[in-house]
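Below is protein-v8.tsv, which holds TSV, C-alpha atoms.
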```tsv
chain	number	residue	atom	x	y	z
A	1	MET	CA	214.15	148.98	94.32
A	2	THR	CA	210.81	149.85	96.00
A	3	SER	CA	208.85	147.68	93.58
A	4	SER	CA	211.03	144.62	94.23
A	5	THR	CA	210.54	144.76	98.02
A	6	HIS	CA	206.82	145.34	97.48
A	7	ASP	CA	206.64	142.18	95.34
A	8	GLU	CA	208.55	140.23	97.95
A	9	PHE	CA	206.05	141.11	100.68
A	10	ILE	CA	203.11	140.18	98.51
A	11	ASP	CA	204.79	136.90	97.67
A	12	ILE	CA	205.19	135.95	101.33
A	13	ALA	CA	201.66	137.03	102.25
A	14	GLU	CA	200.13	134.98	99.48
A	15	ARG	CA	201.92	131.79	100.48
A	16	LYS	CA	199.45	129.47	102.14
A	17	ALA	CA	199.95	129.22	105.85
A	18	THR	CA	200.75	125.62	106.67
A	19	THR	CA	199.40	123.61	109.56
A	20	CYS	CA	201.14	121.00	111.59
A	21	ASP	CA	200.74	117.33	110.84
A	22	ALA	CA	199.56	116.85	114.40
A	23	PRO	CA	198.12	120.19	115.47
A	24	ASN	CA	196.91	121.10	118.90
A	25	ASP	CA	193.24	120.18	118.66
A	26	LEU	CA	192.16	121.37	122.05
A	27	LYS	CA	189.36	123.91	121.82
A	28	ALA	CA	189.98	125.28	125.32
A	29	ARG	CA	192.78	127.78	125.51
A	30	GLU	CA	195.91	126.80	127.36
A	31	THR	CA	198.25	129.67	128.02
A	32	GLY	CA	200.91	130.32	130.54
A	33	ILE	CA	203.09	128.07	132.61
A	34	ALA	CA	200.30	126.71	134.83
A	35	ALA	CA	198.34	125.28	131.92
A	36	ASN	CA	201.43	123.74	130.33
A	37	LEU	CA	202.85	122.38	133.58
A	38	LYS	CA	201.10	119.05	133.09
A	39	TYR	CA	203.00	118.56	129.85
A	40	LEU	CA	206.24	119.38	131.63
A	41	ILE	CA	205.45	116.70	134.21
A	42	ALA	CA	204.49	114.18	131.53
A	43	GLY	CA	207.79	114.91	129.81
A	44	THR	CA	209.70	114.54	133.08
A	45	LEU	CA	208.25	111.08	133.70
A	46	PHE	CA	209.00	110.22	130.08
A	47	GLY	CA	212.61	111.35	130.50
A	48	ILE	CA	213.03	109.33	133.68
A	49	VAL	CA	211.82	106.18	131.88
A	50	PHE	CA	214.21	106.89	129.03
A	51	VAL	CA	217.21	107.11	131.32
A	52	LYS	CA	216.29	104.28	133.69
A	53	ALA	CA	215.52	101.84	130.87
A	54	GLU	CA	218.81	102.89	129.22
A	55	ILE	CA	216.90	103.78	126.05
A	56	ILE	CA	219.18	106.78	125.70
A	57	SER	CA	222.28	104.64	125.83
A	58	TRP	CA	224.37	104.71	122.67
A	59	TYR	CA	225.44	101.13	123.48
A	60	ARG	CA	221.84	99.91	123.47
A	61	ILE	CA	221.33	101.30	119.97
A	62	GLN	CA	224.49	99.60	118.77
A	63	GLU	CA	223.29	96.34	120.28
A	64	MET	CA	219.92	96.82	118.63
A	65	PHE	CA	221.25	97.42	115.14
A	66	ARG	CA	223.76	94.61	115.42
A	67	LEU	CA	220.96	92.31	116.57
A	68	HIS	CA	222.89	91.41	119.72
A	69	SER	CA	220.15	92.29	122.18
A	70	PHE	CA	216.38	92.18	122.35
A	71	HIS	CA	215.98	95.04	124.85
A	72	MET	CA	215.31	97.94	122.46
A	73	TYR	CA	213.04	95.86	120.24
A	74	GLY	CA	211.15	94.90	123.35
A	75	VAL	CA	210.76	98.51	124.41
A	76	ILE	CA	209.68	99.76	121.00
A	77	GLY	CA	207.40	96.81	120.31
A	78	THR	CA	205.69	97.01	123.69
A	79	ALA	CA	205.32	100.77	123.38
A	80	VAL	CA	203.68	100.43	119.95
A	81	VAL	CA	201.28	97.74	121.18
A	82	THR	CA	200.44	99.73	124.32
A	83	GLY	CA	199.82	102.83	122.24
A	84	MET	CA	197.60	100.96	119.79
A	85	LEU	CA	195.63	99.35	122.58
A	86	SER	CA	195.16	102.65	124.39
A	87	VAL	CA	193.95	104.43	121.27
A	88	TRP	CA	191.52	101.59	120.59
A	89	ILE	CA	190.18	101.83	124.15
A	90	ILE	CA	189.78	105.60	123.84
A	91	LYS	CA	187.89	105.22	120.58
A	92	ARG	CA	185.81	102.25	121.74
A	93	PHE	CA	184.66	103.80	125.00
A	94	ARG	CA	184.60	107.36	123.63
A	95	ILE	CA	186.78	108.58	126.44
A	96	LYS	CA	186.92	112.35	126.61
A	97	THR	CA	189.86	114.58	127.39
A	98	MET	CA	190.38	116.11	130.82
A	99	GLN	CA	188.60	119.22	129.56
A	100	GLY	CA	185.62	117.17	128.38
A	101	GLU	CA	186.33	117.45	124.67
A	102	THR	CA	186.21	114.65	122.12
A	103	VAL	CA	189.58	113.20	121.27
A	104	VAL	CA	190.53	113.96	117.68
A	105	PHE	CA	192.56	111.57	115.57
A	106	HIS	CA	194.27	112.53	112.34
A	107	GLU	CA	194.61	110.32	109.31
A	108	LYS	CA	198.21	109.76	108.36
A	109	LYS	CA	198.63	109.48	104.61
A	110	PHE	CA	201.53	107.49	103.23
A	111	HIS	CA	203.98	109.20	100.91
A	112	TRP	CA	207.44	108.20	99.70
A	113	GLY	CA	208.94	110.86	101.89
A	114	ASN	CA	208.25	108.47	104.75
A	115	VAL	CA	210.60	105.93	103.16
A	116	ILE	CA	213.35	108.37	102.18
A	117	GLY	CA	213.12	110.20	105.48
A	118	GLY	CA	213.08	106.94	107.36
A	119	LEU	CA	216.29	105.80	105.69
A	120	LEU	CA	218.02	109.07	106.53
A	121	PHE	CA	216.64	108.96	110.05
A	122	GLY	CA	217.97	105.44	110.50
A	123	LEU	CA	221.45	106.50	109.40
A	124	GLY	CA	221.48	109.26	111.95
A	125	TRP	CA	219.98	107.00	114.60
A	126	ALA	CA	222.75	104.45	114.22
A	127	VAL	CA	225.53	107.04	114.20
A	128	THR	CA	224.35	109.21	117.08
A	129	GLY	CA	222.57	106.48	119.04
A	130	ALA	CA	219.56	108.73	119.53
A	131	CYS	CA	216.18	109.84	118.24
A	132	PRO	CA	215.00	113.38	118.98
A	133	GLY	CA	213.50	112.28	122.33
A	134	PRO	CA	216.66	110.73	123.70
A	135	LEU	CA	218.64	113.80	122.60
A	136	PHE	CA	216.83	115.92	125.18
A	137	ALA	CA	217.22	113.22	127.84
A	138	GLN	CA	220.93	112.87	127.10
A	139	ILE	CA	221.48	116.61	127.47
A	140	GLY	CA	219.60	116.55	130.77
A	141	SER	CA	221.72	113.61	131.90
A	142	GLY	CA	224.89	115.63	131.60
A	143	PHE	CA	226.05	114.78	128.06
A	144	VAL	CA	226.08	118.43	127.11
A	145	VAL	CA	227.92	117.81	123.83
A	146	VAL	CA	224.68	116.24	122.53
A	147	SER	CA	223.38	119.80	122.28
A	148	ILE	CA	225.52	119.94	119.13
A	149	THR	CA	223.58	116.94	117.78
A	150	LEU	CA	220.36	118.71	118.70
A	151	LEU	CA	221.46	121.87	116.91
A	152	SER	CA	222.27	119.77	113.84
A	153	ALA	CA	218.84	118.19	114.03
A	154	ILE	CA	217.22	121.61	114.18
A	155	ALA	CA	219.40	122.75	111.29
A	156	GLY	CA	218.36	119.67	109.31
A	157	THR	CA	214.70	120.45	109.97
A	158	TRP	CA	215.26	124.01	108.81
A	159	VAL	CA	216.98	122.90	105.59
A	160	TYR	CA	214.10	120.50	104.94
A	161	GLY	CA	211.66	123.37	105.35
A	162	LEU	CA	213.70	125.43	102.92
A	163	LEU	CA	213.96	122.76	100.22
A	164	ARG	CA	210.64	121.09	100.81
A	165	GLU	CA	208.96	121.89	97.50
A	166	ARG	CA	211.95	120.64	95.55
A	167	LEU	CA	212.35	117.33	97.38
A	168	PRO	CA	210.69	114.09	96.27
A	169	HIS	CA	207.80	113.01	98.50
B	1	MET	CA	212.64	98.77	147.25
B	2	PHE	CA	214.49	101.87	146.13
B	3	HIS	CA	217.31	99.76	144.73
B	4	LEU	CA	214.80	98.21	142.31
B	5	ILE	CA	214.24	101.66	140.86
B	6	ARG	CA	217.97	102.29	140.61
B	7	GLU	CA	218.59	99.09	138.65
B	8	PRO	CA	218.06	99.25	134.88
B	9	TRP	CA	214.37	98.88	134.08
B	10	PRO	CA	213.28	95.91	131.93
B	11	TRP	CA	211.82	96.42	128.44
B	12	TYR	CA	208.32	95.30	129.35
B	13	VAL	CA	208.07	97.98	132.03
B	14	ALA	CA	209.69	100.73	129.97
B	15	GLY	CA	207.74	99.90	126.82
B	16	VAL	CA	204.40	100.05	128.61
B	17	LEU	CA	205.26	103.36	130.26
B	18	VAL	CA	206.43	104.88	126.99
B	19	GLY	CA	203.33	103.59	125.22
B	20	LEU	CA	201.08	105.07	127.88
B	21	THR	CA	202.40	108.51	127.01
B	22	VAL	CA	200.21	108.41	123.90
B	23	PRO	CA	196.83	108.18	125.69
B	24	ALA	CA	198.15	110.38	128.50
B	25	LEU	CA	198.77	113.26	126.11
B	26	LEU	CA	195.51	112.65	124.26
B	27	LEU	CA	193.52	112.77	127.48
B	28	LEU	CA	195.48	115.61	129.03
B	29	GLY	CA	194.51	117.87	126.19
B	30	ASN	CA	193.96	116.28	122.78
B	31	LYS	CA	197.69	116.36	122.11
B	32	SER	CA	199.30	114.05	119.58
B	33	PHE	CA	202.48	112.54	120.91
B	34	GLY	CA	205.46	113.55	118.81
B	35	ILE	CA	208.90	114.84	119.63
B	36	SER	CA	210.30	115.55	116.18
B	37	SER	CA	207.69	118.25	115.78
B	38	SER	CA	209.49	120.15	118.55
B	39	LEU	CA	212.35	120.66	116.09
B	40	ARG	CA	209.90	122.26	113.67
B	41	HIS	CA	208.43	124.47	116.40
B	42	ILE	CA	211.91	125.62	117.41
B	43	CYS	CA	212.65	126.54	113.79
B	44	ALA	CA	209.31	128.34	113.48
B	45	ALA	CA	209.91	130.20	116.73
B	46	CYS	CA	213.53	131.15	116.16
B	47	LEU	CA	214.15	131.42	112.42
B	48	PRO	CA	211.07	131.11	110.23
B	49	ALA	CA	212.77	133.19	107.48
B	50	GLY	CA	209.56	133.40	105.49
B	51	ILE	CA	209.66	129.68	104.77
B	52	PRO	CA	206.07	128.36	104.35
B	53	PHE	CA	206.80	125.22	106.34
B	54	PHE	CA	207.37	127.42	109.40
B	55	GLN	CA	204.46	129.80	108.83
B	56	TYR	CA	201.95	128.53	111.35
B	57	ASN	CA	200.93	129.46	114.84
B	58	TRP	CA	203.73	127.74	116.74
B	59	ARG	CA	202.52	129.32	119.99
B	60	LYS	CA	199.61	126.90	119.94
B	61	GLU	CA	202.13	124.05	119.99
B	62	VAL	CA	204.19	125.41	122.87
B	63	TRP	CA	202.97	122.48	125.02
B	64	ASN	CA	205.39	120.37	122.98
B	65	LEU	CA	208.31	122.54	124.03
B	66	PHE	CA	207.28	122.15	127.66
B	67	PHE	CA	207.15	118.40	127.06
B	68	VAL	CA	210.68	118.17	125.66
B	69	ALA	CA	211.96	120.46	128.41
B	70	GLY	CA	210.40	117.94	130.77
B	71	ILE	CA	212.33	115.15	129.05
B	72	ALA	CA	215.58	116.96	129.73
B	73	LEU	CA	214.50	117.55	133.32
B	74	GLY	CA	213.59	113.89	133.69
B	75	GLY	CA	217.01	112.91	132.40
B	76	PHE	CA	218.58	115.17	134.99
B	77	ILE	CA	216.50	113.76	137.84
B	78	ALA	CA	217.16	110.18	136.82
B	79	THR	CA	220.91	110.75	136.53
B	80	GLN	CA	221.27	112.74	139.73
B	81	TRP	CA	219.06	110.80	142.14
B	82	LEU	CA	218.01	107.54	140.54
B	83	ASN	CA	221.25	106.54	138.89
B	84	ASN	CA	222.49	102.98	138.68
B	85	PRO	CA	225.71	102.59	140.70
B	86	GLU	CA	226.75	99.57	138.61
B	87	PRO	CA	228.45	100.12	135.24
B	88	VAL	CA	226.21	99.77	132.20
B	89	HIS	CA	226.30	96.23	130.89
B	90	VAL	CA	226.93	95.90	127.17
B	91	ALA	CA	226.29	92.65	125.29
B	92	GLU	CA	229.54	90.75	124.77
B	93	PRO	CA	229.51	90.58	120.94
B	94	THR	CA	228.72	94.31	120.69
B	95	ALA	CA	231.41	95.21	123.23
B	96	GLN	CA	233.99	93.26	121.24
B	97	ALA	CA	232.91	94.79	117.94
B	98	LEU	CA	233.07	98.28	119.43
B	99	GLN	CA	236.49	97.74	120.94
B	100	HIS	CA	237.65	96.55	117.55
B	101	LEU	CA	236.50	99.90	116.15
B	102	GLY	CA	238.40	101.77	118.82
B	103	VAL	CA	235.45	102.77	121.01
B	104	ILE	CA	236.23	102.45	124.69
B	105	VAL	CA	233.37	100.68	126.50
B	106	ASP	CA	233.52	102.68	129.72
B	107	GLY	CA	230.45	101.60	131.68
B	108	ASN	CA	228.58	104.87	131.16
B	109	LEU	CA	225.41	105.28	129.14
B	110	MET	CA	227.38	106.88	126.33
B	111	PRO	CA	231.04	106.48	125.41
B	112	ALA	CA	233.11	109.48	126.43
B	113	SER	CA	235.57	108.51	123.71
B	114	ILE	CA	233.01	109.73	121.17
B	115	PHE	CA	230.65	112.01	123.06
B	116	SER	CA	232.78	114.70	124.60
B	117	PHE	CA	233.64	118.23	123.58
B	118	SER	CA	237.31	117.38	123.19
B	119	ASN	CA	236.37	114.85	120.52
B	120	LEU	CA	233.98	117.27	118.87
B	121	PHE	CA	236.76	119.59	117.78
B	122	TYR	CA	239.42	116.96	117.18
B	123	PRO	CA	237.99	114.20	114.96
B	124	LYS	CA	239.60	110.79	115.11
B	125	ARG	CA	240.06	110.24	111.41
B	126	PRO	CA	240.92	113.36	109.48
B	127	GLY	CA	239.27	113.44	106.10
B	128	VAL	CA	238.28	115.84	103.42
B	129	LEU	CA	235.42	117.58	105.22
B	130	CYS	CA	236.62	117.09	108.76
B	131	ASN	CA	240.31	117.73	108.72
B	132	ARG	CA	242.81	118.67	111.33
B	133	TRP	CA	242.18	122.31	110.62
B	134	LEU	CA	238.64	121.92	111.98
B	135	PRO	CA	239.29	123.91	115.16
B	136	HIS	CA	240.61	126.74	113.03
B	137	ARG	CA	237.69	126.63	110.65
B	138	LEU	CA	235.28	126.67	113.56
B	139	ARG	CA	237.14	129.51	115.21
B	140	ASN	CA	237.13	131.39	111.95
B	141	ALA	CA	233.41	130.83	111.57
B	142	VAL	CA	232.94	132.47	114.95
B	143	CYS	CA	235.53	135.27	114.97
B	144	GLY	CA	236.58	135.05	111.35
B	145	ARG	CA	236.94	138.41	109.79
B	146	LEU	CA	238.92	139.86	112.65
B	147	TYR	CA	241.48	137.08	112.57
B	148	LYS	CA	241.63	137.00	108.80
B	149	ARG	CA	242.56	140.63	108.55
B	150	ALA	CA	244.88	140.79	111.54
B	151	CYS	CA	246.73	137.52	111.40
B	152	TYR	CA	246.19	135.49	108.29
B	153	HIS	CA	246.90	138.15	105.71
B	154	GLY	CA	243.74	137.15	103.85
B	155	ALA	CA	244.25	133.40	104.04
B	156	ILE	CA	241.65	131.04	105.55
B	157	ASP	CA	243.80	128.97	107.86
B	158	PRO	CA	247.38	128.67	109.07
B	159	ALA	CA	248.19	126.23	106.27
B	160	MET	CA	247.23	128.72	103.64
B	161	ALA	CA	249.05	131.53	105.42
B	162	PHE	CA	252.16	129.37	105.58
B	163	ALA	CA	251.83	128.43	101.92
B	164	ARG	CA	251.78	132.10	101.07
B	165	GLY	CA	255.04	132.57	102.88
B	166	TYR	CA	253.93	134.08	106.15
B	167	GLY	CA	255.91	131.52	108.04
B	168	LEU	CA	255.56	129.34	111.05
B	169	PHE	CA	255.60	132.38	113.28
B	170	TYR	CA	252.00	133.15	112.41
B	171	GLY	CA	251.01	129.55	111.72
B	172	GLY	CA	252.39	128.24	114.97
B	173	ARG	CA	251.02	131.04	117.11
B	174	LEU	CA	247.62	130.79	115.50
B	175	PHE	CA	247.48	127.04	115.97
B	176	TYR	CA	248.39	127.46	119.60
B	177	GLY	CA	245.81	130.21	119.98
B	178	SER	CA	243.12	128.14	118.30
B	179	ARG	CA	243.82	125.24	120.58
B	180	ARG	CA	243.65	127.43	123.66
B	181	PHE	CA	240.38	128.91	122.42
B	182	SER	CA	238.84	125.52	121.68
B	183	VAL	CA	239.98	124.01	124.96
B	184	ALA	CA	238.71	127.02	126.90
B	185	VAL	CA	235.32	126.71	125.22
B	186	ALA	CA	235.24	122.98	125.91
B	187	ARG	CA	236.21	123.48	129.56
B	188	THR	CA	233.54	126.13	130.06
B	189	LEU	CA	230.80	124.08	128.49
B	190	THR	CA	231.69	120.89	130.34
B	191	PHE	CA	232.13	122.52	133.74
B	192	ASN	CA	230.72	120.33	136.49
B	193	THR	CA	229.69	117.54	134.13
B	194	ASN	CA	231.24	114.11	134.05
B	195	LEU	CA	232.91	114.39	130.67
```

What does this structure look like when you write it as structure tokens?
Amino acid sequence: MTSSTHDEFIDIAERKATTCDAPNDLKARETGIAANLKYLIAGTLFGIVFVKAEIISWYRIQEMFRLHSFHMYGVIGTAVVTGMLSVWIIKRFRIKTMQGETVVFHEKKFHWGNVIGGLLFGLGWAVTGACPGPLFAQIGSGFVVVSITLLSAIAGTWVYGLLRERLPH
Amino acid sequence: MFHLIREPWPWYVAGVLVGLTVPALLLLGNKSFGISSSLRHICAACLPAGIPFFQYNWRKEVWNLFFVAGIALGGFIATQWLNNPEPVHVAEPTAQALQHLGVIVDGNLMPASIFSFSNLFYPKRPGVLCNRWLPHRLRNAVCGRLYKRACYHGAIDPAMAFARGYGLFYGGRLFYGSRRFSVAVARTLTFNTNL
């Protein structure tokens, strides 16, 4: 009995600690509510855009996937182009962060998990009419039942973490 | 001027603003924009369970949780004070297709005929996984053992109890009790919301 629990602890300790795909690269320490308030504000503005542009609307997603409306394609396409342009400008002019540090970019390697995951994501997107971002905005907008969707999403993430080594990537 | 804000925003405005979140987060603190990672951080924070995928310093990524909390807050602000008084316009072909499927196009951002707690527990089309005993299964998942021992005589749901000969007395009362429980939960959770 004692030897089996001892082995279990060693097993966990020897597992390599993983890092995020997009880790926090800031060298300066940011702790407490004051330091993180700017991210709360950024998120608030983001949420307002989501609701006002009806990006969180289940009907808009249906229209998008039935190819009956350009709106969502316009939003996503413009956002991608704006993001690309901004990143290019940051790289080109070596713009530093607010804290004066160099902006770090991470290489994203392709793997087949992107395709499989994308297909599954798309299924969920069409059924629920939401990505993870809109889920939070929908809950804030008063559609409290979407918290069930969010719990399912968290559960799905957890199951992925559990089965990760056995899944095709 | 304010009415311009209350009207639905066009895609070229929304897209630019969403896209600008990427450089904003990079310049605010070298943060990579991503919302799905918040799901991972929540798992790592709440139930890592020794799973390697959740063994990392999630506290360093807590900015992301502030960000998604902000999204919820932004949704609240936009719905409370910046809301569009006109009903949401749905493209004609989509509206017809949805009505054909039985979804009521009600002028809100999301159809209440799908997204409401009453429809969570009572699915439209009973099937193998999601049958009409769903409220009982959910109730059992929450308060299971107690009910099983006291009322079901070891069965899982009223149907099974009835099949074993414990009669409609238990089945009927339990169904009624389950419904009251589910409705009470739904009423509590949807208090003061427009569902």

Any idea what the distance is between atom CA of A:Val87 and atom CA of B:Val22?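 Separating atom CA of A:Val87 from atom CA of B:Val22 is a distance of 7.9 Å.
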
Taking all atoms listed in the file into account, produce a table as CSV in which each residue of chain A with an atom at most 6 Å from an atom of chain B appears once, together with its shortest atom pair and the distance in Å to one decimal, ordered by chain and rising number.
```
residue,atom,partner,partner_atom,distance
A:Ala17,CA,B:Gln55,CA,5.4
A:Thr18,CA,B:Tyr56,CA,5.6
A:Thr19,CA,B:Tyr56,CA,5.8
A:Ala22,CA,B:Ser32,CA,5.9
A:Asn24,CA,B:Lys31,CA,5.8
A:Asp25,CA,B:Asn30,CA,5.7
A:Leu26,CA,B:Asn30,CA,5.4
A:Asn36,CA,B:Trp63,CA,5.7
A:Tyr39,CA,B:Phe67,CA,5.0
A:Leu40,CA,B:Gly70,CA,4.5
A:Gly43,CA,B:Gly70,CA,4.1
A:Thr44,CA,B:Gly74,CA,4.0
A:Gly47,CA,B:Ile71,CA,4.1
A:Ile48,CA,B:Gly74,CA,4.6
A:Val51,CA,B:Gly75,CA,5.9
A:Lys52,CA,B:Pro8,CA,5.5
A:Ala53,CA,B:Trp9,CA,4.5
A:Ser57,CA,B:Leu109,CA,4.6
A:Trp58,CA,B:Met110,CA,5.2
A:Glu63,CA,B:Thr94,CA,5.8
A:His71,CA,B:Trp11,CA,5.7
A:Gly74,CA,B:Trp11,CA,5.4
A:Val75,CA,B:Gly15,CA,4.1
A:Thr78,CA,B:Gly15,CA,4.7
A:Ala79,CA,B:Gly19,CA,3.9
A:Thr82,CA,B:Gly19,CA,4.9
A:Gly83,CA,B:Gly19,CA,4.7
A:Ser86,CA,B:Pro23,CA,5.9
A:Thr97,CA,B:Leu27,CA,4.1
A:Met98,CA,B:Leu28,CA,5.4
A:Val103,CA,B:Asn30,CA,5.6
A:Pro132,CA,B:Ser36,CA,5.9
A:Gly133,CA,B:Ile35,CA,5.9
A:Phe136,CA,B:Ala72,CA,4.8
A:Ala137,CA,B:Ala72,CA,4.5
A:Gly140,CA,B:Ala72,CA,4.2
A:Ser141,CA,B:Phe76,CA,4.7
A:Gly142,CA,B:Thr193,CA,5.8
A:Val145,CA,B:Phe117,CA,5.7
A:Ile154,CA,B:Leu39,CA,5.3
A:Gly161,CA,B:Phe53,CA,5.3
```

Residues from last step as file, C-alpha atoms, as an mmCIF file, in the coordinates of the input:
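In the end it all went to out_15.cif:
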```
data_model
loop_
_atom_site.group_PDB
_atom_site.id
_atom_site.type_symbol
_atom_site.label_atom_id
_atom_site.label_comp_id
_atom_site.auth_asym_id
_atom_site.auth_seq_id
_atom_site.Cartn_x
_atom_site.Cartn_y
_atom_site.Cartn_z
ATOM 1 C CA ALA A 17 199.950 129.220 105.850
ATOM 2 C CA THR A 18 200.750 125.620 106.670
ATOM 3 C CA THR A 19 199.400 123.610 109.560
ATOM 4 C CA ALA A 22 199.560 116.850 114.400
ATOM 5 C CA ASN A 24 196.910 121.100 118.900
ATOM 6 C CA ASP A 25 193.240 120.180 118.660
ATOM 7 C CA LEU A 26 192.160 121.370 122.050
ATOM 8 C CA ASN A 36 201.430 123.740 130.330
ATOM 9 C CA TYR A 39 203.000 118.560 129.850
ATOM 10 C CA LEU A 40 206.240 119.380 131.630
ATOM 11 C CA GLY A 43 207.790 114.910 129.810
ATOM 12 C CA THR A 44 209.700 114.540 133.080
ATOM 13 C CA GLY A 47 212.610 111.350 130.500
ATOM 14 C CA ILE A 48 213.030 109.330 133.680
ATOM 15 C CA VAL A 51 217.210 107.110 131.320
ATOM 16 C CA LYS A 52 216.290 104.280 133.690
ATOM 17 C CA ALA A 53 215.520 101.840 130.870
ATOM 18 C CA SER A 57 222.280 104.640 125.830
ATOM 19 C CA TRP A 58 224.370 104.710 122.670
ATOM 20 C CA GLU A 63 223.290 96.340 120.280
ATOM 21 C CA HIS A 71 215.980 95.040 124.850
ATOM 22 C CA GLY A 74 211.150 94.900 123.350
ATOM 23 C CA VAL A 75 210.760 98.510 124.410
ATOM 24 C CA THR A 78 205.690 97.010 123.690
ATOM 25 C CA ALA A 79 205.320 100.770 123.380
ATOM 26 C CA THR A 82 200.440 99.730 124.320
ATOM 27 C CA GLY A 83 199.820 102.830 122.240
ATOM 28 C CA SER A 86 195.160 102.650 124.390
ATOM 29 C CA THR A 97 189.860 114.580 127.390
ATOM 30 C CA MET A 98 190.380 116.110 130.820
ATOM 31 C CA VAL A 103 189.580 113.200 121.270
ATOM 32 C CA PRO A 132 215.000 113.380 118.980
ATOM 33 C CA GLY A 133 213.500 112.280 122.330
ATOM 34 C CA PHE A 136 216.830 115.920 125.180
ATOM 35 C CA ALA A 137 217.220 113.220 127.840
ATOM 36 C CA GLY A 140 219.600 116.550 130.770
ATOM 37 C CA SER A 141 221.720 113.610 131.900
ATOM 38 C CA GLY A 142 224.890 115.630 131.600
ATOM 39 C CA VAL A 145 227.920 117.810 123.830
ATOM 40 C CA ILE A 154 217.220 121.610 114.180
ATOM 41 C CA GLY A 161 211.660 123.370 105.350
#
```

So for stretch 16-27 of chain B, what box centre and size do we get, axis-aligned, 8 Å extra on each of the six sides, every listed atom, Å to one decimal, as JSON?
```
{"center_x": 200.0, "center_y": 106.7, "center_z": 127.1, "size_x": 28.9, "size_y": 29.2, "size_z": 22.4}
```

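Atom CA of A:Val159 to atom CA of A:Leu120 spans 13.9 Å [interatomic distance, one decimal].
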
What lies within 8 Å of A:Pro134 using only C-alpha atoms, ignoring chain neighbours under 6 positions off, as a list of chain:residue names? A:Gly47, A:Phe50, A:Ile55, A:Ile56

Nearest-residue call for A:His111, choices A:Ser152, A:Arg92, A:Phe65, A:His169, using only C-alpha atoms: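 Among the listed residues, A:His169 lies closest to A:His111.
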
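Counting from atom CA of A:His68, the distance to atom CA of B:Pro85 is 23.9 Å.
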
Could N, CA, C and O atoms be built for stretch 121-131 of chain A and written out as a compact mmCIF listing (two decimals), keeping the file's coordinate frame?
```txt
# COMPACT_ATOMS: atom_id res chain seq x y z
N PHE A 121 216.79 108.98 108.60
CA PHE A 121 216.64 108.96 110.05
C PHE A 121 217.42 107.80 110.64
O PHE A 121 218.13 107.95 111.65
N GLY A 122 217.28 106.63 110.00
CA GLY A 122 217.97 105.44 110.50
C GLY A 122 219.48 105.61 110.50
O GLY A 122 220.16 105.18 111.44
N LEU A 123 220.00 106.25 109.45
CA LEU A 123 221.45 106.50 109.40
C LEU A 123 221.89 107.33 110.60
O LEU A 123 222.84 106.99 111.30
N GLY A 124 221.15 108.39 110.84
CA GLY A 124 221.48 109.26 111.95
C GLY A 124 221.32 108.56 113.28
O GLY A 124 222.13 108.72 114.20
N TRP A 125 220.26 107.73 113.37
CA TRP A 125 219.98 107.00 114.60
C TRP A 125 221.14 106.07 114.95
O TRP A 125 221.57 106.01 116.10
N ALA A 126 221.66 105.39 113.96
CA ALA A 126 222.75 104.45 114.22
C ALA A 126 224.03 105.18 114.59
O ALA A 126 224.78 104.73 115.45
N VAL A 127 224.28 106.32 113.94
CA VAL A 127 225.53 107.04 114.20
C VAL A 127 225.49 107.71 115.57
O VAL A 127 226.41 107.59 116.37
N THR A 128 224.39 108.44 115.84
CA THR A 128 224.35 109.21 117.08
C THR A 128 223.82 108.40 118.25
O THR A 128 223.96 108.81 119.40
N GLY A 129 223.15 107.27 117.96
CA GLY A 129 222.57 106.48 119.04
C GLY A 129 221.37 107.14 119.66
O GLY A 129 221.05 106.89 120.82
N ALA A 130 220.68 108.02 118.91
CA ALA A 130 219.56 108.73 119.53
C ALA A 130 218.51 109.11 118.50
O ALA A 130 218.81 109.35 117.34
N CYS A 131 217.26 109.19 118.97
CA CYS A 131 216.18 109.84 118.24
C CYS A 131 216.04 111.23 118.86
O CYS A 131 216.74 111.52 119.81
```
